[in-house]
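Participant: First the structure, which I've put down as structure tokens, then a few questions once you've had a look.
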Amino acid sequence: MALLEIDELKVTFRTRHGPVTALDGVSLRVEAGETLGIVGESGCGKSITALSVMGLVPSPPGNIAGGAIRLAGEDLVNTSPRRLRRLRGSEIAMIFQEPMTSLNPVFTAGDQIAEAIMLHQNVSRAEALSRAVALLDRVGIPEARRRADDYPHQLSGGMRQRVMIAMAVSCQPKVLIADEPTTALDVTVQAQIFDLLNDLQRETGAAIMLITHDMGAIAEMADRVAVMYAGRVIEEGRADDILDLPKHPYTRGLIACIPNVGKGEGGEPPPLAEIPGVVPPLHLLGAGCAFRERCGSAFERCAAERPRLLGPAAHPAACHAVEEGRP
Amino acid sequence: MSAADPAAPRKAARAESPLREAWVMFRRNRPAMAGLALLVLIILATLYGALLYGGDPYEIVWAPHEPPGATPEFPLGTDYLGRDIVAGLLTGGGPTLAVGAAAALLTMLIGVTIGALAGYFGGAIDNLLMRFTEFFQVLPALLFAMVLVTLFSPSLTMIAIAIGLVSWPQTARLTRAEFLKIRKLEYVTAARAIGARDGRIMWRVILPNALPPLIVSATLTIGVAILFEAGLSFLGLGDPNTMSWGLMIGANRAYILSAWWPVTFPGLAIFLTVFAVSLVGDGLNDAFNPKLRER
Amino acid sequence: MAGYLLRRLAYGLLLMAGVVILNFFLIRLAPGDPAEVIAGDMGGATAEVLAAIRADYGLDQPLLVQLGRYLGAMMQGDLGESYFFNRPVSELIGARIGPTILLVLAAQVISITIGVAMGVMAARKPNGVLSGAVSVVATIGYAVPVFWMGIMLIILFASIIPIFPVEGMADIRLRNEGWLERMIDILHHLALPAFSLAVIFLAIYARLSRASMLDVLGADYVRTARAKGASERSVLFRHALRNAALPVITVAGLQFGGLLSGALLVETVFNWPGMGTLAFDAILRRDYTLLLGVLFCAAAMVVIANIVTDLAYRLADPRLGGET
């Protein structure tokens, strides 16, 4: 039994175009101490997956229509809101994409971390505040004592993300979900944040679910990778395998998009690739493979039948072309 | 409402100007259309009601304080002098509505002029005009209007002028904000590039694009002006010889504990009028900002 | 903060000087001899009184000198003499300003508390019944003439449910009781006038705080609070409301002048012994000096309210640097 198991999760949204399936049978598992990268373009369902684990899918219009999420064997889909609140922030914590807007502008950084501590641990406010200062120090904020009294607008973007991380790890969660934690930050700061997350994981043994559209981040952080497209997992495997031997045409496209990682020879960097087209609107998905319109290897079967995740258990892919061994 | 109307999308597609598009949106808005209908009804009643009804609102026609329904001739009863309340309602609406409309017009005239100049020219002119506007916002509007009417003359014209003079600052601020926003847009630069003069740019280029929020604000201003007029007449500051809804309430207020109807009906009339106006205003607001309708 | 406060106060003084100048010109623009205007139409102005006024106000001097004198006197708190009551205007207003402040503050507290509570509850379910009810109440509240609201409440509570007094500020039979009894009596008398006045503004705050809460509830930091495991109550009242309250503070400041205007009407309906009834008396007696004195004091109250609002906003929003 893995620490976090997502089993055939199905999430639907009510929209103007009628009900839309945002997640369609997503299954994932993460072990303690492991980092699972979830990749895909925006709109592929990776953030909804994260919010489902947190129990924060906005409802209405969202609704978990089927499947299970288990944390150390405990079901999270059918548990009480009260129990879920207990787990949120203490057992499962989340770091959001936008450090600029994810901190409350009217409370100090220290207050917001201390609040997370006091919500889950029976400590005094003074104790919580001093722990908050220690955490700020731990996440690499200089003059932590002084910074704890700063309001978010007085901190830089990188600092704010460190505050978010301090808040997320304040109760030593077993699972840490990081939703594009560095997208809004400078490249130099990105590397620092990744180092920090790696260090924290080594100290606490937490499982990390890293959600990103950036293959570079995957290369740096992830042990295993799940590639998502249009609400489904379409390829899964060890990070090295996926990066070196991607199977699904979509994954191959994603990897070709990374500068300097392709098979450039003679010192010449290869031309930058891009995947043509965009993710189709979910309400327009037909019966076949959701990627076929953008795929160079599509054939008749792709329009008729939706491919299932098949192949070796360590590295399956959902592609008819792969299944039939076509080029 | 719109789902059942298959013609609606086609009409919307045909609409060429934003104003016509807004009208299409407005027509689908049930509360707003109800408000508009009510408003038209009230205006018609105040214009022609007295003629059709035929009673004289100033004449003592019956015993004082005849309750409503007791005598079929006077369905809403009589006031403290024995005057017919229905006749009073039909006659008293005219001055109220006229003053409301005139005051709103004056408010828009002053407010849009000052706001447009401030927003268009910016800098020192903006600063000066905005200080001037802030100064007027310091004066409690009703009290200032009371002072003006008392010092000068208690005529309907003076009341309309007084209300206009006290309510323009909000319009000025709104107009200024719109002009500030629009004057930075490309088409204004383009107009300037072909050598259009300031007056032309303000009047022909920016103002038409600033109209939607100003129309909404003008509508709501009419409602506020009607309430102001009613308040002043209630206090006895209006022309004592012109029947108006506010005056009816003021004249009868000494007897409210023995007769509720002479104050209740004119008040209801004021309420319904302002209610109708604000429903129309809200509807216009929604029609001009379809994005906000989700709220 | 202190520097800001000083600048704000100086600007307030400037605005008040503007009010004085306005008053000065209003008297001179009014039809008739300024001396007679100052004495008031019904003041029984004898020749001696008129001569005294001319000397006092320097009406034979050039206009600028007159203005200077007038400004000087006003800034020293000398608002002139009421020739009808035969007492200084400042004394008359001083006796009435307390009840008006009490009424206005009570209405402000009632309307903000109930209005914001309604708005917050409506925002929790934007398509729910309560949310619709708030919209309806807001539109109705905006359209009700405040004086008529008062009269309707009087009819209701005087004859049908007689649990609140409908006139005046205190029961004369209690004048020899202890302070506590008298204070409870005043609050008892305050209930209806304050509520009539609060209704319109309650509608404004309900609508505003509903929109503002809806905005804030969609913000990222509210999601962060939920992700921490904060309870729904804490999310609503601690995280969201603190932010949603900011526009409410702004509007509360902007509405103060309107609140004061409404109070004048409500006072005359309930015979509340404040500045409104005083202004009404002044109008009946054509006592222009008194009326302009009331205008001056009301404007001063608005200026002070605006300064207080600005300070409150700076304290509530750390982004404006209020905490330094």
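Following the order of the structure tokens, chains are lettered A, B, ..., residues in each are numbered from 1, and ligands are numbered from 1.
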Counting only C-alpha atoms, which residues in chain C sit no more than 7 Å from chain B? For each one, give the nearest pair of atoms and the distance in Å, sorted by chain then residue number, as JSON lines.

Facilitator:
{"residue": "C:Leu15", "atom": "CA", "partner": "B:Phe135", "partner_atom": "CA", "distance": 6.0}
{"residue": "C:Ala30", "atom": "CA", "partner": "B:Leu151", "partner_atom": "CA", "distance": 5.8}
{"residue": "C:Pro31", "atom": "CA", "partner": "B:Phe152", "partner_atom": "CA", "distance": 6.8}
{"residue": "C:Thr139", "atom": "CA", "partner": "B:Phe275", "partner_atom": "CA", "distance": 6.9}
{"residue": "C:Ile140", "atom": "CA", "partner": "B:Phe275", "partner_atom": "CA", "distance": 6.4}
{"residue": "C:Ala143", "atom": "CA", "partner": "B:Phe275", "partner_atom": "CA", "distance": 5.1}
{"residue": "C:Val144", "atom": "CA", "partner": "B:Phe271", "partner_atom": "CA", "distance": 5.1}
{"residue": "C:Pro145", "atom": "CA", "partner": "B:Leu227", "partner_atom": "CA", "distance": 6.0}
{"residue": "C:Trp148", "atom": "CA", "partner": "B:Gly267", "partner_atom": "CA", "distance": 6.0}
{"residue": "C:Ile155", "atom": "CA", "partner": "B:Leu257", "partner_atom": "CA", "distance": 6.1}
{"residue": "C:Gly257", "atom": "CA", "partner": "B:Pro140", "partner_atom": "CA", "distance": 4.6}
{"residue": "C:Gly258", "atom": "CA", "partner": "B:Pro140", "partner_atom": "CA", "distance": 6.3}
{"residue": "C:Leu260", "atom": "CA", "partner": "B:Pro140", "partner_atom": "CA", "distance": 6.6}
{"residue": "C:Ser261", "atom": "CA", "partner": "B:Leu142", "partner_atom": "CA", "distance": 5.2}
{"residue": "C:Ile283", "atom": "CA", "partner": "B:Thr150", "partner_atom": "CA", "distance": 6.6}
{"residue": "C:Leu291", "atom": "CA", "partner": "B:Val147", "partner_atom": "CA", "distance": 7.0}
{"residue": "C:Leu295", "atom": "CA", "partner": "B:Leu143", "partner_atom": "CA", "distance": 6.6}
{"residue": "C:Ala298", "atom": "CA", "partner": "B:Pro140", "partner_atom": "CA", "distance": 6.8}
{"residue": "C:Ala299", "atom": "CA", "partner": "B:Leu139", "partner_atom": "CA", "distance": 5.1}
{"residue": "C:Val302", "atom": "CA", "partner": "B:Val138", "partner_atom": "CA", "distance": 5.8}
{"residue": "C:Val303", "atom": "CA", "partner": "B:Val138", "partner_atom": "CA", "distance": 6.3}

Participant: Tell me which protein, DNA and RNA residues are within 8 Å of Ile110 in chain C, counting only C-alpha atoms, leaving out same-chain ones fewer than 2 positions away, and put them as a list in words.

Facilitator: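 Those residues are Ala106, Ala107, Gln108, Ile112, Thr113, Ile114, Gly115, Ala194, Phe195, Ala198 and Leu202 of chain C.
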
Participant: Should the cut-off be 8 Å, what would the residue list for chain A against chain C look like, counting only C-alpha atoms, as a list in words?

Facilitator: Met54, Leu56, Leu84, Arg85, Arg86, Leu87, Arg88, Gly89, Ser90, Ala93, Met94, Phe96, Glu98, Thr101, Ser102, Leu103, Asn104, Pro105, Val106, Ala116, Leu119, Tyr151, His153 and Ala168 of chain A

Participant: What separation in Å, quoted to one decimal, exists between CA of Ala162 in chain B and CA of Asp239 in chain B?

Facilitator: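 Taking CA of Ala162 in chain B and CA of Asp239 in chain B, their separation equals 14.0 Å.
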
Participant: Between C:His188, C:Pro99, C:Gly150, C:Arg8, which has the minimum distance to Ile163 in chain C (counting only C-alpha atoms)?

Facilitator: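 Of C:His188, C:Pro99, C:Gly150, C:Arg8, the one nearest Ile163 in chain C, counting only C-alpha atoms, is C:His188.
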
Participant: Looking only at the backbone, which of the residues in range 21-253 of chain B does DSSP tag as alpha helix (DSSP H), as a VMD selection string?

Facilitator: chain B and resid 21 to 27 30 to 53 85 to 121 123 to 138 141 to 151 156 to 182 186 to 193 198 to 200 207 to 234 245 to 252

Participant: Within 12 Å of Leu192 in chain C, counting only C-alpha atoms, which residues show up once you throw out same-chain ones fewer than 4 positions away? Write them as a tab-separated table (two decimals) with N, CA and C atoms, in the first residue's frame, please.

Facilitator:
chain	number	residue	atom	x	y	z
C	103	LEU	N	-27.32	59.92	17.28
C	103	LEU	CA	-28.22	59.32	16.29
C	103	LEU	C	-27.44	58.81	15.08
C	106	ALA	N	-25.24	55.78	15.98
C	106	ALA	CA	-26.05	54.59	16.20
C	106	ALA	C	-26.51	54.02	14.87
C	107	ALA	N	-26.98	54.90	13.97
C	107	ALA	CA	-27.45	54.42	12.66
C	107	ALA	C	-26.30	53.81	11.88
C	110	ILE	N	-25.56	50.34	13.37
C	110	ILE	CA	-26.62	49.38	13.02
C	110	ILE	C	-26.51	49.00	11.54
C	146	VAL	N	-36.59	58.36	3.61
C	146	VAL	CA	-36.23	58.08	5.00
C	146	VAL	C	-37.27	58.64	5.97
C	147	PHE	N	-37.83	59.81	5.66
C	147	PHE	CA	-38.79	60.41	6.60
C	147	PHE	C	-40.09	59.59	6.62
C	149	MET	N	-40.25	56.36	6.04
C	149	MET	CA	-39.91	55.18	6.82
C	149	MET	C	-40.15	55.46	8.30
C	150	GLY	N	-39.68	56.62	8.76
C	150	GLY	CA	-39.87	56.99	10.17
C	150	GLY	C	-41.34	57.07	10.53
C	151	ILE	N	-42.12	57.70	9.66
C	151	ILE	CA	-43.55	57.86	9.95
C	151	ILE	C	-44.23	56.50	10.01
C	152	MET	N	-43.87	55.62	9.08
C	152	MET	CA	-44.48	54.29	9.09
C	152	MET	C	-44.14	53.56	10.39
C	153	LEU	N	-42.89	53.72	10.83
C	153	LEU	CA	-42.50	53.06	12.08
C	153	LEU	C	-43.28	53.65	13.26
C	154	ILE	N	-43.50	54.96	13.22
C	154	ILE	CA	-44.27	55.57	14.31
C	154	ILE	C	-45.68	54.99	14.35
C	155	ILE	N	-46.31	54.91	13.17
C	155	ILE	CA	-47.67	54.36	13.12
C	155	ILE	C	-47.67	52.93	13.67
C	156	LEU	N	-46.65	52.15	13.22
C	156	LEU	CA	-46.58	50.76	13.66
C	156	LEU	C	-46.37	50.65	15.17
C	157	PHE	N	-45.41	51.43	15.68
C	157	PHE	CA	-45.04	51.23	17.08
C	157	PHE	C	-45.86	52.06	18.05
C	158	ALA	N	-46.55	53.08	17.56
C	158	ALA	CA	-47.36	53.85	18.49
C	158	ALA	C	-48.69	53.17	18.73
C	162	PRO	N	-46.91	48.91	20.76
C	162	PRO	CA	-46.34	50.06	21.49
C	162	PRO	C	-45.20	49.65	22.43
C	163	ILE	N	-44.07	49.27	21.87
C	163	ILE	CA	-42.95	48.92	22.75
C	163	ILE	C	-41.83	49.93	22.69
C	164	PHE	N	-41.88	50.84	21.71
C	164	PHE	CA	-40.84	51.88	21.66
C	164	PHE	C	-41.50	53.26	21.72
C	165	PRO	N	-40.88	54.18	22.44
C	165	PRO	CA	-41.38	55.56	22.40
C	165	PRO	C	-41.15	56.13	21.00
C	166	VAL	N	-42.07	57.01	20.57
C	166	VAL	CA	-42.00	57.48	19.19
C	166	VAL	C	-41.64	58.97	19.11
C	167	GLU	N	-41.37	59.59	20.24
C	167	GLU	CA	-41.10	61.01	20.16
C	167	GLU	C	-40.07	61.44	21.20
C	168	GLY	N	-39.21	62.38	20.80
C	168	GLY	CA	-38.26	62.96	21.74
C	168	GLY	C	-37.11	62.04	22.05
C	169	MET	N	-36.28	62.47	23.03
C	169	MET	CA	-35.09	61.72	23.34
C	169	MET	C	-35.11	61.17	24.75
C	186	ILE	N	-32.77	56.85	27.12
C	186	ILE	CA	-32.34	57.49	25.88
C	186	ILE	C	-32.17	56.44	24.77
C	187	LEU	N	-31.54	55.32	25.12
C	187	LEU	CA	-31.36	54.27	24.12
C	187	LEU	C	-32.71	53.75	23.63
C	188	HIS	N	-33.65	53.67	24.55
C	188	HIS	CA	-35.00	53.23	24.21
C	188	HIS	C	-35.63	54.19	23.20
C	196	SER	N	-34.81	53.79	11.51
C	196	SER	CA	-35.32	54.39	10.26
C	196	SER	C	-34.17	54.87	9.40
C	197	LEU	N	-33.24	55.53	10.07
C	197	LEU	CA	-32.10	56.09	9.34
C	197	LEU	C	-31.20	54.98	8.81
C	198	ALA	N	-31.10	53.89	9.60
C	198	ALA	CA	-30.17	52.82	9.22
C	198	ALA	C	-30.65	52.06	7.99
C	199	VAL	N	-31.97	52.01	7.77
C	199	VAL	CA	-32.50	51.11	6.74
C	199	VAL	C	-31.88	51.37	5.36
C	266	VAL	N	-34.96	62.64	9.79
C	266	VAL	CA	-35.45	61.74	10.82
C	266	VAL	C	-35.68	62.50	12.13
C	267	GLU	N	-34.80	63.43	12.44
C	267	GLU	CA	-34.97	64.21	13.67
C	267	GLU	C	-36.29	64.96	13.67
C	269	VAL	N	-38.96	64.15	12.13
C	269	VAL	CA	-40.08	63.21	12.25
C	269	VAL	C	-40.26	62.77	13.70
C	270	PHE	N	-39.16	62.48	14.39
C	270	PHE	CA	-39.25	61.94	15.75
C	270	PHE	C	-39.07	63.01	16.83
C	271	ASN	N	-39.01	64.29	16.41
C	271	ASN	CA	-38.78	65.35	17.39
C	271	ASN	C	-37.52	65.11	18.20
C	272	TRP	N	-36.52	64.60	17.55
C	272	TRP	CA	-35.25	64.33	18.23
C	272	TRP	C	-34.52	65.67	18.38

Participant: Measure the distance from CA of Leu290 in chain C to CA of Gly262 in chain C in Å and round it to one decimal.

Facilitator: 19.4 Å

Participant: Quick check, in Å to one decimal: how far apart do CA of Leu4 in chain A and CA of Met118 in chain A lie?

Facilitator: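 Result for CA of Leu4 in chain A versus CA of Met118 in chain A: 25.1 Å, one decimal.
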
Participant: Please provide as JSON, numbers by chain all residues within 7 Å of Leu309 in chain A, with the sequence filter that same-chain residues fewer than 3 positions apart are discarded (counting only C-alpha atoms).

Facilitator: {"A": [234, 316, 317, 318]}

Participant: Hey, can you spit out that residue selection with N, CA, C and O atoms as a compact mmCIF listing (two decimals), in the first residue's frame?

Facilitator:
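And here's again-v3.txt as it stands now:
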# COMPACT_ATOMS: atom_id res chain seq x y z
N ILE A 234 -1.60 9.65 -19.50
CA ILE A 234 -1.35 8.99 -20.78
C ILE A 234 0.00 8.29 -20.81
O ILE A 234 0.29 7.53 -21.73
N PRO A 316 3.89 2.32 -18.49
CA PRO A 316 2.80 2.17 -19.43
C PRO A 316 2.53 3.46 -20.20
O PRO A 316 2.93 4.54 -19.76
N ALA A 317 1.85 3.33 -21.36
CA ALA A 317 1.45 4.50 -22.13
C ALA A 317 0.09 4.23 -22.75
O ALA A 317 -0.26 3.08 -23.00
N ALA A 318 -0.67 5.31 -23.00
CA ALA A 318 -2.00 5.17 -23.59
C ALA A 318 -1.95 5.67 -25.02
O ALA A 318 -2.22 6.83 -25.29

Participant: Which neighbours of Gly158 in chain A fall inside 12 Å, counting only C-alpha atoms, when residues of the same chain fewer than 6 positions from it are skipped, and could you give them as a ChimeraX atom specification?

Facilitator: /A:97-100,139-141,152,164-165,181-194,196
